[in-house]
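Enquirer: Handing you this structure, nothing more for now.
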Amino acid sequence: MNTDDTLSEPSFTVSGRVARPCAEVYEAVADPAQLSRYFTTGGARGRLEPGADVSWDFHDFPGRFPVTVVEADPPRRIVIEWDGDATTSEGGTTRTTFEFEPLDADTRTLVTITETSWQPNARGASAAFGNCEGWTGMLAALKVWMEHGINLREGFYR
């Protein structure tokens, strides 16, 4: 039992299952045209691969967010860094890892998103909670888009 109640660096992990093969789900995240259809309500630029010029725009948080791709291992893993509030990194970014695990003979995919790098204080926790909400919404939107072709975020923020 841990009796130390000191807050360490906040992080979170969210997961969801999508009834599509791993490679298809990976592409729905890596490809800016697909990502723009269900998640980045203001559009995505650049493929999620190292060295690409990537940015995301959202109607609920206007303005382009630069995204740095740290790692891309199709169709299993993508690691990005992007601007955050109250972060522990020198550059003011958080680190987000997307993992794609094939399930049921690759007819379904477990998508796991982990984000780290916030300061262990109220501002850092608030920023982490906000991003956790965002990534949970992204997973729900991804699932509905991939399985039913419906954009859950259309008209949601504007």
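Convention: chains lettered A, B, ... in structure tokens order; per-chain residue numbering from 1; ligands numbered from 1 as shown.
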Based on the backbone DSSP call, show me all residues of segment 4-90 of chain A assigned alpha helix (DSSP H), as a ChimeraX atom specification.

Expert: /A:22-30,32-38

Enquirer: Export, as a PDB file, in the first residue's frame, the selected residues with C-alpha atoms.

Expert:
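Saved result, part.pdb, follows:
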```pdb
ATOM      1  CA  CYS A  22      -5.464  -2.782 -37.087  1.00  0.00           C
ATOM      2  CA  ALA A  23      -3.957  -1.332 -40.294  1.00  0.00           C
ATOM      3  CA  GLU A  24      -7.223   0.442 -41.168  1.00  0.00           C
ATOM      4  CA  VAL A  25      -7.556   1.968 -37.707  1.00  0.00           C
ATOM      5  CA  TYR A  26      -3.900   3.066 -37.736  1.00  0.00           C
ATOM      6  CA  GLU A  27      -4.473   4.785 -41.097  1.00  0.00           C
ATOM      7  CA  ALA A  28      -7.564   6.576 -39.764  1.00  0.00           C
ATOM      8  CA  VAL A  29      -5.286   8.222 -37.184  1.00  0.00           C
ATOM      9  CA  ALA A  30      -2.121   8.699 -39.291  1.00  0.00           C
ATOM     10  CA  PRO A  32      -4.695  13.750 -42.157  1.00  0.00           C
ATOM     11  CA  ALA A  33      -7.598  13.461 -44.605  1.00  0.00           C
ATOM     12  CA  GLN A  34      -9.229  10.754 -42.496  1.00  0.00           C
ATOM     13  CA  LEU A  35      -8.398  12.410 -39.157  1.00  0.00           C
ATOM     14  CA  SER A  36     -10.055  15.604 -40.428  1.00  0.00           C
ATOM     15  CA  ARG A  37     -13.268  13.682 -41.156  1.00  0.00           C
ATOM     16  CA  TYR A  38     -13.977  12.698 -37.535  1.00  0.00           C
TER      17      TYR A  38
END
```

Enquirer: Skip Glu71 of chain A itself and residues of its chain fewer than 6 positions away, then list as a PDB file with N, CA and C atoms, in the first residue's frame all residues within 8 Å of it, counting only C-alpha atoms.

Expert:
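Heads up, here's the output in around-v4.pdb:
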```
ATOM      1  N   GLU A  49       3.996  10.884 -39.385  1.00  0.00           N
ATOM      2  CA  GLU A  49       5.227  10.140 -39.603  1.00  0.00           C
ATOM      3  C   GLU A  49       6.388  11.073 -39.289  1.00  0.00           C
ATOM      4  N   PRO A  50       7.491  10.538 -38.774  1.00  0.00           N
ATOM      5  CA  PRO A  50       8.616  11.395 -38.386  1.00  0.00           C
ATOM      6  C   PRO A  50       9.064  12.295 -39.539  1.00  0.00           C
ATOM      7  N   ARG A  77       1.976   1.637 -33.655  1.00  0.00           N
ATOM      8  CA  ARG A  77       2.292   2.663 -32.655  1.00  0.00           C
ATOM      9  C   ARG A  77       2.622   4.000 -33.315  1.00  0.00           C
ATOM     10  N   ILE A  78       2.126   5.073 -32.700  1.00  0.00           N
ATOM     11  CA  ILE A  78       2.473   6.446 -33.072  1.00  0.00           C
ATOM     12  C   ILE A  78       2.739   7.200 -31.778  1.00  0.00           C
ATOM     13  N   VAL A  79       3.821   7.974 -31.738  1.00  0.00           N
ATOM     14  CA  VAL A  79       4.128   8.810 -30.583  1.00  0.00           C
ATOM     15  C   VAL A  79       4.285  10.241 -31.084  1.00  0.00           C
ATOM     16  N   ILE A  80       3.533  11.161 -30.464  1.00  0.00           N
ATOM     17  CA  ILE A  80       3.608  12.573 -30.838  1.00  0.00           C
ATOM     18  C   ILE A  80       3.896  13.427 -29.610  1.00  0.00           C
TER      19      ILE A  80
END
```

Enquirer: Any idea what's packed within 12 Å of Pro10 of chain A, counting only C-alpha atoms, ignoring anything in its chain fewer than 2 positions away? Could you give it as an NGL selection string?

Expert: :A and (6-8 or 12-13 or 86-88 or 94-95 or 114-129 or 131-132)
